[in-house]
Amino acid sequence: MGERTRLGLGVLGAALVLGGLGDILLRATPWGINFLIWVTALVGLTVLLAKWRRVGTRGEGKWLVFVALVFAAGVVLRDSPVVVFLDLLGVLISLSLAVWLGRSGSLRRAGISDYVLGGVFTGALTSAGPIPVSVVDIEWREAVRGRWKGQALAVSRGVLLAAPLLLLFGTLLVAADAIFERLIIEVFGFDLAEVFSHLFLIIFFAWITAGLLWAGLMARVPENFAIPRPRVLSLGIVEVGIVLTLLDLLFLTFVVIQVRYLFGGAGRVAATAGLTYAEYARRGFFELVTVTALALPLLLIAHWLLRIETRAHERLFKALAGIMVVLLFVVVASALQRMYLYQQEFGLTELRLYATIFMVWISVVLLWFVLTVLRSRRDRFAFGALLAGFAAIAGAGPLVGPVLAAQLGYLPGTI
């Protein structure tokens with residue numbers, strides 16, 4: 001029996017085990033320790049399969065399986081639905097990158113397009129479930145030996161084809177007639193609808209884990225998805241320079257003219273007729289957050305499109321982009337100051353905490369942009385932004401707990 005056939009059979013076997021565990025553990029919601037156990041089983045079986053069949057794991061993405069376990073533990077420890085969702089997102093991203101870059105490739109040098117397209121590609125492979133490994137990788141003539149192997153394969157295929165049809169039509173008929181339902185329960189001793197729900201969950205979790213294991217251990221995945229810039233889309237320093245210069249002037253005008261409004265604080269609020277704390281914070285905060293969130297991708301796209309012909313062009317771009325980053329830091333400071341005043345007056349809520357964490361993350365990413373892209377190290381930008389995002393998700397949980405406790409009255413005073 002060939003190596004790929006053995007590994008393919010191991011993948012299918014592990015998928016069936018994880019499908020059964022998924023039905024047992026993940027049927028109950030909301031998820032907690034059950035999700036951590038299932039993810040641990042997934043990671044453990046993947047490691048065992050890789051060691052059993054000596055699958056090469058030289059890629060840097062393999063370490064992200066441990067990050068996935070950390071975020072899975074966060075699902076156990078956190079009660080906030082938003083934080084739980086972020087932890088689940090962290091598990092999904094970690095496993096996706098581990099599948100893509102677990103056997104080969106550099107996680108630290110992958111670009112933003114690599115991360116996005118790699119995740120999409122991994123998701124597409126995973127959605128195929130057990131089909132690729134069953135059709136392409138496993139040599140069934142080797143796996144099933146003996147005189148009756150032809151008949152055994154035919155019977156197996158017939159049963160697999162008939163089982164979902166029997167369950168589907170049987171469930172509909174049971175739901176249509178109470179006497180038929182009673183007959184099925186008396187004859188077979190089980191509720192067909194309940195059996196169908198169990199089988200559905202088993203098949204669902206087995207399907208996705210089979211695809212995930214196949215993509216991570218057997219599929220031929222490209223090491224990078226870097227998008228080369230088509231020459232027709234490139235822009236010269238004149239076009240890019242005009243765009244950045246005009247935006248720099250716009251931001252500078254906003255900062256200079258409204259500096260008192262931006263940083264006037266409580267005194268400015270009191271001195272302005274009809275301006276309340278709520279209006280002061282709400283009117284500007286989310287607009288400033290949007291400006292910052294849009295400006296950073298704009299700088300990355302401009303850098304990608306720029307056709308650098310001389311060193312002077314590169315220096316000019318760095319100067320204009322650096323000015324914009326400095327002005328964006330002022331905008332971020334203004335947004336954080338508005339939120340601080342609002343919290344001082346009305347207290348800290350979960351939503352306000354998330355907005356503050358997002359602004360801190362944007363600030364870190366802006367600083368990382370200066371240290372990487374503007375120093376001709378663009379290939380390191382995406383990894384740092386990813387780590388900062390992981391840190392923001394991990395840090396949100398411990399910060400949200402006291403806020404929720406204070407809102408519910410479990411802690412004295414206000415935050």
# chains A, B, ... in the order shown; residues from 1 in each chain; ligands from 1
$ residues_around --residues "Ala312 in chain A" --least-positions-apart "5" --cutoff "10 Å" --atoms "only C-alpha atoms" --output "PDB file with all heavy atoms, in the first residue's frame"
ATOM      1  N   ILE A 237       5.396  58.860 -10.000  1.00  0.00           N
ATOM      2  CA  ILE A 237       5.465  59.672  -8.789  1.00  0.00           C
ATOM      3  C   ILE A 237       4.593  60.915  -8.885  1.00  0.00           C
ATOM      4  O   ILE A 237       4.132  61.431  -7.867  1.00  0.00           O
ATOM      5  CB  ILE A 237       6.938  60.059  -8.505  1.00  0.00           C
ATOM      6  CG1 ILE A 237       7.063  60.691  -7.112  1.00  0.00           C
ATOM      7  CG2 ILE A 237       7.446  60.999  -9.590  1.00  0.00           C
ATOM      8  CD1 ILE A 237       6.650  59.804  -5.982  1.00  0.00           C
ATOM      9  N   PHE A 317       8.106  59.881  -2.050  1.00  0.00           N
ATOM     10  CA  PHE A 317       6.969  59.104  -1.552  1.00  0.00           C
ATOM     11  C   PHE A 317       7.075  58.907  -0.044  1.00  0.00           C
ATOM     12  O   PHE A 317       6.082  59.060   0.682  1.00  0.00           O
ATOM     13  CB  PHE A 317       6.901  57.746  -2.256  1.00  0.00           C
ATOM     14  CG  PHE A 317       5.869  56.834  -1.665  1.00  0.00           C
ATOM     15  CD1 PHE A 317       4.537  56.937  -2.032  1.00  0.00           C
ATOM     16  CD2 PHE A 317       6.217  55.871  -0.715  1.00  0.00           C
ATOM     17  CE1 PHE A 317       3.577  56.104  -1.473  1.00  0.00           C
ATOM     18  CE2 PHE A 317       5.257  55.035  -0.153  1.00  0.00           C
ATOM     19  CZ  PHE A 317       3.937  55.155  -0.538  1.00  0.00           C
ATOM     20  N   LYS A 318       8.249  58.553   0.431  1.00  0.00           N
ATOM     21  CA  LYS A 318       8.416  58.333   1.865  1.00  0.00           C
ATOM     22  C   LYS A 318       8.135  59.603   2.652  1.00  0.00           C
ATOM     23  O   LYS A 318       7.532  59.553   3.739  1.00  0.00           O
ATOM     24  CB  LYS A 318       9.831  57.833   2.150  1.00  0.00           C
ATOM     25  CG  LYS A 318      10.096  56.418   1.657  1.00  0.00           C
ATOM     26  CD  LYS A 318      11.511  55.976   1.982  1.00  0.00           C
ATOM     27  CE  LYS A 318      11.768  54.550   1.516  1.00  0.00           C
ATOM     28  NZ  LYS A 318      13.147  54.098   1.830  1.00  0.00           N
TER      29      LYS A 318
END
$ atom_distance --atom1 "CA of Ala335 in chain A" --atom2 "CA of Asp79 in chain A"
28.1 Å
$ closest_residue --among "A:Thr253, A:Thr5, A:Ser363, A:Thr126" --to "Trp214 in chain A" --atoms "only C-alpha atoms"
A:Thr126
$ residues_around --residues "Trp361 in chain A" --least-positions-apart "6" --cutoff "9 Å" --atoms "only C-alpha atoms" --output "mmCIF file with all heavy atoms, in the first residue's frame"
data_model
loop_
_atom_site.group_PDB
_atom_site.id
_atom_site.type_symbol
_atom_site.label_atom_id
_atom_site.label_comp_id
_atom_site.auth_asym_id
_atom_site.auth_seq_id
_atom_site.Cartn_x
_atom_site.Cartn_y
_atom_site.Cartn_z
ATOM 1 N N ALA A 385 1.309 43.274 11.554
ATOM 2 C CA ALA A 385 -0.093 43.650 11.716
ATOM 3 C C ALA A 385 -0.908 42.474 12.237
ATOM 4 O O ALA A 385 -1.820 42.648 13.058
ATOM 5 C CB ALA A 385 -0.658 44.140 10.385
ATOM 6 N N ALA A 388 -0.166 42.071 15.926
ATOM 7 C CA ALA A 388 -0.855 43.121 16.678
ATOM 8 C C ALA A 388 -2.342 42.810 16.798
ATOM 9 O O ALA A 388 -2.962 43.055 17.841
ATOM 10 C CB ALA A 388 -0.645 44.479 15.997
ATOM 11 N N GLY A 389 -2.940 42.269 15.718
ATOM 12 C CA GLY A 389 -4.343 41.884 15.789
ATOM 13 C C GLY A 389 -4.586 40.764 16.778
ATOM 14 O O GLY A 389 -5.554 40.802 17.547
ATOM 15 N N ALA A 391 -2.771 40.129 19.385
ATOM 16 C CA ALA A 391 -2.591 40.708 20.719
ATOM 17 C C ALA A 391 -3.829 41.499 21.145
ATOM 18 O O ALA A 391 -4.234 41.462 22.318
ATOM 19 C CB ALA A 391 -1.351 41.610 20.737
ATOM 20 N N ALA A 392 -4.449 42.222 20.196
ATOM 21 C CA ALA A 392 -5.656 42.988 20.522
ATOM 22 C C ALA A 392 -6.795 42.060 20.917
ATOM 23 O O ALA A 392 -7.534 42.323 21.870
ATOM 24 C CB ALA A 392 -6.057 43.848 19.326
#
$ closest_residue --among "A:Ile202, A:Gly395, A:Val330, A:Phe71" --to "Val84 in chain A" --atoms "only C-alpha atoms"
A:Phe71
$ atom_distance --atom1 "CA of Gly123 in chain A" --atom2 "CA of Ile208 in chain A"
9.6 Å
$ residues_around --residues "Phe200 in chain A" --least-positions-apart "2" --cutoff "12 Å" --atoms "only C-alpha atoms" --output "list in words"
Gly19, Gly20, Gly22, Asp23, Arg27, Ala163, Pro164, Leu167, Leu168, Leu192, Ala193, Glu194, Val195, Phe196, Ser197, His198, Ile202, Ile203, Phe204, Phe205, Ala206 and Trp207 of chain A
$ write_last_selection --atoms "C-alpha atoms" --output "tab-separated table (two decimals), in the first residue's frame"
chain	number	residue	atom	x	y	z
A	19	GLY	CA	-17.03	14.11	13.34
A	20	GLY	CA	-18.26	11.88	16.15
A	22	GLY	CA	-18.15	17.13	17.11
A	23	ASP	CA	-21.63	15.64	17.50
A	27	ARG	CA	-24.11	19.92	19.92
A	163	ALA	CA	-28.08	6.36	3.44
A	164	PRO	CA	-28.67	10.13	3.01
A	167	LEU	CA	-32.72	9.60	6.05
A	168	LEU	CA	-34.10	12.51	4.02
A	192	LEU	CA	-35.66	9.12	13.00
A	193	ALA	CA	-35.52	12.90	13.27
A	194	GLU	CA	-33.12	12.70	16.20
A	195	VAL	CA	-30.96	10.18	14.35
A	196	PHE	CA	-30.91	12.47	11.34
A	197	SER	CA	-29.76	15.41	13.48
A	198	HIS	CA	-26.91	13.34	14.93
A	202	ILE	CA	-21.27	13.93	12.40
A	203	ILE	CA	-21.13	14.31	8.63
A	204	PHE	CA	-20.74	18.09	8.86
A	205	PHE	CA	-17.79	18.03	11.26
A	206	ALA	CA	-16.23	15.03	9.53
A	207	TRP	CA	-16.54	16.81	6.18
$ closest_atom_pairs --of "range 89-191 of chain A" --to "range 49-60 of chain A" --cutoff "9 Å" --atoms "only C-alpha atoms" --output "CSV"
residue,atom,partner,partner_atom,distance
A:Ala98,CA,A:Glu60,CA,8.0
A:Trp100,CA,A:Gly59,CA,8.9
A:Leu101,CA,A:Gly59,CA,5.3
A:Gly102,CA,A:Gly59,CA,4.6
A:Arg103,CA,A:Thr57,CA,4.1
A:Ser104,CA,A:Gly59,CA,3.7
A:Gly105,CA,A:Gly59,CA,5.0
A:Ser106,CA,A:Glu60,CA,5.5
A:Leu107,CA,A:Glu60,CA,5.5
A:Arg108,CA,A:Glu60,CA,7.9
$ atom_distance --atom1 "CA of Val325 in chain A" --atom2 "CA of Leu366 in chain A"
6.9 Å
$ closest_residue --among "A:Val135, A:Val187, A:Val238, A:Ile357" --to "Glu309 in chain A" --atoms "only C-alpha atoms"
A:Val238
$ residues_around --residues "Leu213 in chain A" --least-positions-apart "2" --cutoff "9 Å" --atoms "only C-alpha atoms" --output "ChimeraX atom specification"
/A:11-12,14-15,42,46,99,126,208-211,215-218
$ write_last_selection --atoms "N, CA and C atoms" --output "compact mmCIF listing (two decimals), in the first residue's frame"
# COMPACT_ATOMS: atom_id res chain seq x y z
N VAL A 11 -6.37 10.14 7.22
CA VAL A 11 -7.14 11.39 7.21
C VAL A 11 -8.63 11.11 7.33
N LEU A 12 -9.12 10.13 6.58
CA LEU A 12 -10.55 9.80 6.65
C LEU A 12 -10.92 9.25 8.02
N ALA A 14 -9.38 9.86 10.91
CA ALA A 14 -9.36 10.96 11.88
C ALA A 14 -10.57 11.86 11.71
N ALA A 15 -10.99 12.07 10.46
CA ALA A 15 -12.17 12.91 10.21
C ALA A 15 -13.42 12.28 10.80
N LEU A 42 -8.46 18.00 17.42
CA LEU A 42 -8.10 18.27 16.02
C LEU A 42 -6.60 18.48 15.87
N THR A 46 -3.90 15.82 14.12
CA THR A 46 -3.10 16.33 13.00
C THR A 46 -1.61 16.10 13.25
N VAL A 99 -2.58 25.68 8.06
CA VAL A 99 -2.78 24.74 6.96
C VAL A 99 -2.00 25.18 5.73
N THR A 126 -10.71 23.23 1.98
CA THR A 126 -11.40 22.62 3.11
C THR A 126 -12.84 22.29 2.77
N ILE A 208 -15.73 18.88 7.16
CA ILE A 208 -14.81 20.02 7.22
C ILE A 208 -13.43 19.60 7.74
N THR A 209 -13.39 18.66 8.68
CA THR A 209 -12.08 18.24 9.19
C THR A 209 -11.34 17.40 8.17
N ALA A 210 -12.06 16.60 7.36
CA ALA A 210 -11.39 15.85 6.30
C ALA A 210 -10.74 16.81 5.31
N GLY A 211 -11.48 17.84 4.93
CA GLY A 211 -10.91 18.83 4.03
C GLY A 211 -9.75 19.58 4.64
N ALA A 215 -5.97 19.36 3.25
CA ALA A 215 -5.29 20.58 2.80
C ALA A 215 -3.99 20.79 3.56
N GLY A 216 -3.99 20.44 4.86
CA GLY A 216 -2.79 20.70 5.67
C GLY A 216 -1.71 19.65 5.52
N LEU A 217 -2.08 18.41 5.16
CA LEU A 217 -1.10 17.32 5.14
C LEU A 217 -0.80 16.76 3.76
N MET A 218 -1.72 16.95 2.80
CA MET A 218 -1.54 16.26 1.52
C MET A 218 -1.63 17.15 0.30
$ select_by_dssp --residues "range 39-140 of chain A" --states "alpha helix (DSSP H)" --output "ChimeraX atom specification"
/A:39-52,64-77,81-101,112-127,131-132,140
$ residues_around --residues "Leu117 in chain A" --least-positions-apart "5" --cutoff "12 Å" --atoms "only C-alpha atoms" --output "ChimeraX atom specification"
/A:96-97,100,110-112,122-124,221-227
$ write_last_selection --atoms "N, CA, C and O atoms" --output "PDB file, in the first residue's frame"
ATOM      1  N   SER A  96      -6.226  28.413   9.497  1.00  0.00           N
ATOM      2  CA  SER A  96      -6.114  28.634   8.063  1.00  0.00           C
ATOM      3  C   SER A  96      -4.673  28.885   7.649  1.00  0.00           C
ATOM      4  O   SER A  96      -4.172  28.278   6.681  1.00  0.00           O
ATOM      5  N   LEU A  97      -3.974  29.741   8.387  1.00  0.00           N
ATOM      6  CA  LEU A  97      -2.575  30.020   8.065  1.00  0.00           C
ATOM      7  C   LEU A  97      -1.687  28.821   8.375  1.00  0.00           C
ATOM      8  O   LEU A  97      -0.690  28.586   7.681  1.00  0.00           O
ATOM      9  N   TRP A 100      -2.034  26.479   5.440  1.00  0.00           N
ATOM     10  CA  TRP A 100      -1.399  26.983   4.222  1.00  0.00           C
ATOM     11  C   TRP A 100       0.123  26.954   4.326  1.00  0.00           C
ATOM     12  O   TRP A 100       0.821  26.561   3.386  1.00  0.00           O
ATOM     13  N   ALA A 110       5.361  36.774   4.293  1.00  0.00           N
ATOM     14  CA  ALA A 110       4.164  36.782   3.450  1.00  0.00           C
ATOM     15  C   ALA A 110       3.522  38.167   3.466  1.00  0.00           C
ATOM     16  O   ALA A 110       3.512  38.851   4.493  1.00  0.00           O
ATOM     17  N   GLY A 111       2.991  38.569   2.317  1.00  0.00           N
ATOM     18  CA  GLY A 111       2.348  39.867   2.214  1.00  0.00           C
ATOM     19  C   GLY A 111       0.876  39.808   2.562  1.00  0.00           C
ATOM     20  O   GLY A 111       0.311  38.741   2.855  1.00  0.00           O
ATOM     21  N   ILE A 112       0.220  40.955   2.512  1.00  0.00           N
ATOM     22  CA  ILE A 112      -1.207  41.026   2.839  1.00  0.00           C
ATOM     23  C   ILE A 112      -2.018  40.193   1.856  1.00  0.00           C
ATOM     24  O   ILE A 112      -2.926  39.452   2.238  1.00  0.00           O
ATOM     25  N   THR A 122      -7.293  28.173   1.189  1.00  0.00           N
ATOM     26  CA  THR A 122      -7.430  27.126   2.202  1.00  0.00           C
ATOM     27  C   THR A 122      -8.892  26.809   2.471  1.00  0.00           C
ATOM     28  O   THR A 122      -9.279  25.645   2.615  1.00  0.00           O
ATOM     29  N   GLY A 123      -9.721  27.851   2.540  1.00  0.00           N
ATOM     30  CA  GLY A 123     -11.150  27.624   2.737  1.00  0.00           C
ATOM     31  C   GLY A 123     -11.774  26.844   1.592  1.00  0.00           C
ATOM     32  O   GLY A 123     -12.632  25.975   1.813  1.00  0.00           O
ATOM     33  N   ALA A 124     -11.335  27.135   0.365  1.00  0.00           N
ATOM     34  CA  ALA A 124     -11.867  26.405  -0.785  1.00  0.00           C
ATOM     35  C   ALA A 124     -11.459  24.937  -0.733  1.00  0.00           C
ATOM     36  O   ALA A 124     -12.271  24.042  -1.018  1.00  0.00           O
ATOM     37  N   VAL A 221      -0.174  22.955  -1.991  1.00  0.00           N
ATOM     38  CA  VAL A 221      -0.549  24.353  -1.763  1.00  0.00           C
ATOM     39  C   VAL A 221       0.613  25.251  -2.154  1.00  0.00           C
ATOM     40  O   VAL A 221       1.749  25.005  -1.725  1.00  0.00           O
ATOM     41  N   PRO A 222       0.380  26.291  -2.943  1.00  0.00           N
ATOM     42  CA  PRO A 222       1.468  27.220  -3.282  1.00  0.00           C
ATOM     43  C   PRO A 222       2.038  27.881  -2.033  1.00  0.00           C
ATOM     44  O   PRO A 222       1.325  28.115  -1.055  1.00  0.00           O
ATOM     45  N   GLU A 223       3.331  28.178  -2.077  1.00  0.00           N
ATOM     46  CA  GLU A 223       3.972  28.804  -0.925  1.00  0.00           C
ATOM     47  C   GLU A 223       3.609  30.272  -0.785  1.00  0.00           C
ATOM     48  O   GLU A 223       3.723  30.842   0.296  1.00  0.00           O
ATOM     49  N   ASN A 224       3.221  30.926  -1.847  1.00  0.00           N
ATOM     50  CA  ASN A 224       2.838  32.335  -1.750  1.00  0.00           C
ATOM     51  C   ASN A 224       1.793  32.645  -2.805  1.00  0.00           C
ATOM     52  O   ASN A 224       1.675  31.972  -3.825  1.00  0.00           O
ATOM     53  N   PHE A 225       1.039  33.678  -2.525  1.00  0.00           N
ATOM     54  CA  PHE A 225       0.006  34.157  -3.436  1.00  0.00           C
ATOM     55  C   PHE A 225       0.251  35.625  -3.775  1.00  0.00           C
ATOM     56  O   PHE A 225      -0.700  36.388  -3.976  1.00  0.00           O
ATOM     57  N   ALA A 226       1.511  36.032  -3.791  1.00  0.00           N
ATOM     58  CA  ALA A 226       1.837  37.424  -4.068  1.00  0.00           C
ATOM     59  C   ALA A 226       1.303  37.822  -5.446  1.00  0.00           C
ATOM     60  O   ALA A 226       1.473  37.097  -6.429  1.00  0.00           O
ATOM     61  N   ILE A 227       0.644  38.955  -5.504  1.00  0.00           N
ATOM     62  CA  ILE A 227       0.080  39.454  -6.752  1.00  0.00           C
ATOM     63  C   ILE A 227       1.081  40.403  -7.398  1.00  0.00           C
ATOM     64  O   ILE A 227       1.343  41.488  -6.870  1.00  0.00           O
TER      65      ILE A 227
END
$ closest_residue --among "A:Leu48, A:Pro297, A:Gly74, A:Arg311" --to "Ile33 in chain A" --atoms "only C-alpha atoms"
A:Gly74
$ closest_atom_pairs --of "range 5-115 of chain A" --to "range 338-353 of chain A" --cutoff "12 Å" --atoms "only C-alpha atoms" --output "Markdown table"
| residue | atom | partner | partner_atom | distance |
| --- | --- | --- | --- | --- |
| A:Ser80 | CA | A:Glu350 | CA | 8.9 |
| A:Pro81 | CA | A:Glu350 | CA | 10.8 |
| A:Val82 | CA | A:Glu350 | CA | 9.2 |
| A:Val83 | CA | A:Glu350 | CA | 10.1 |
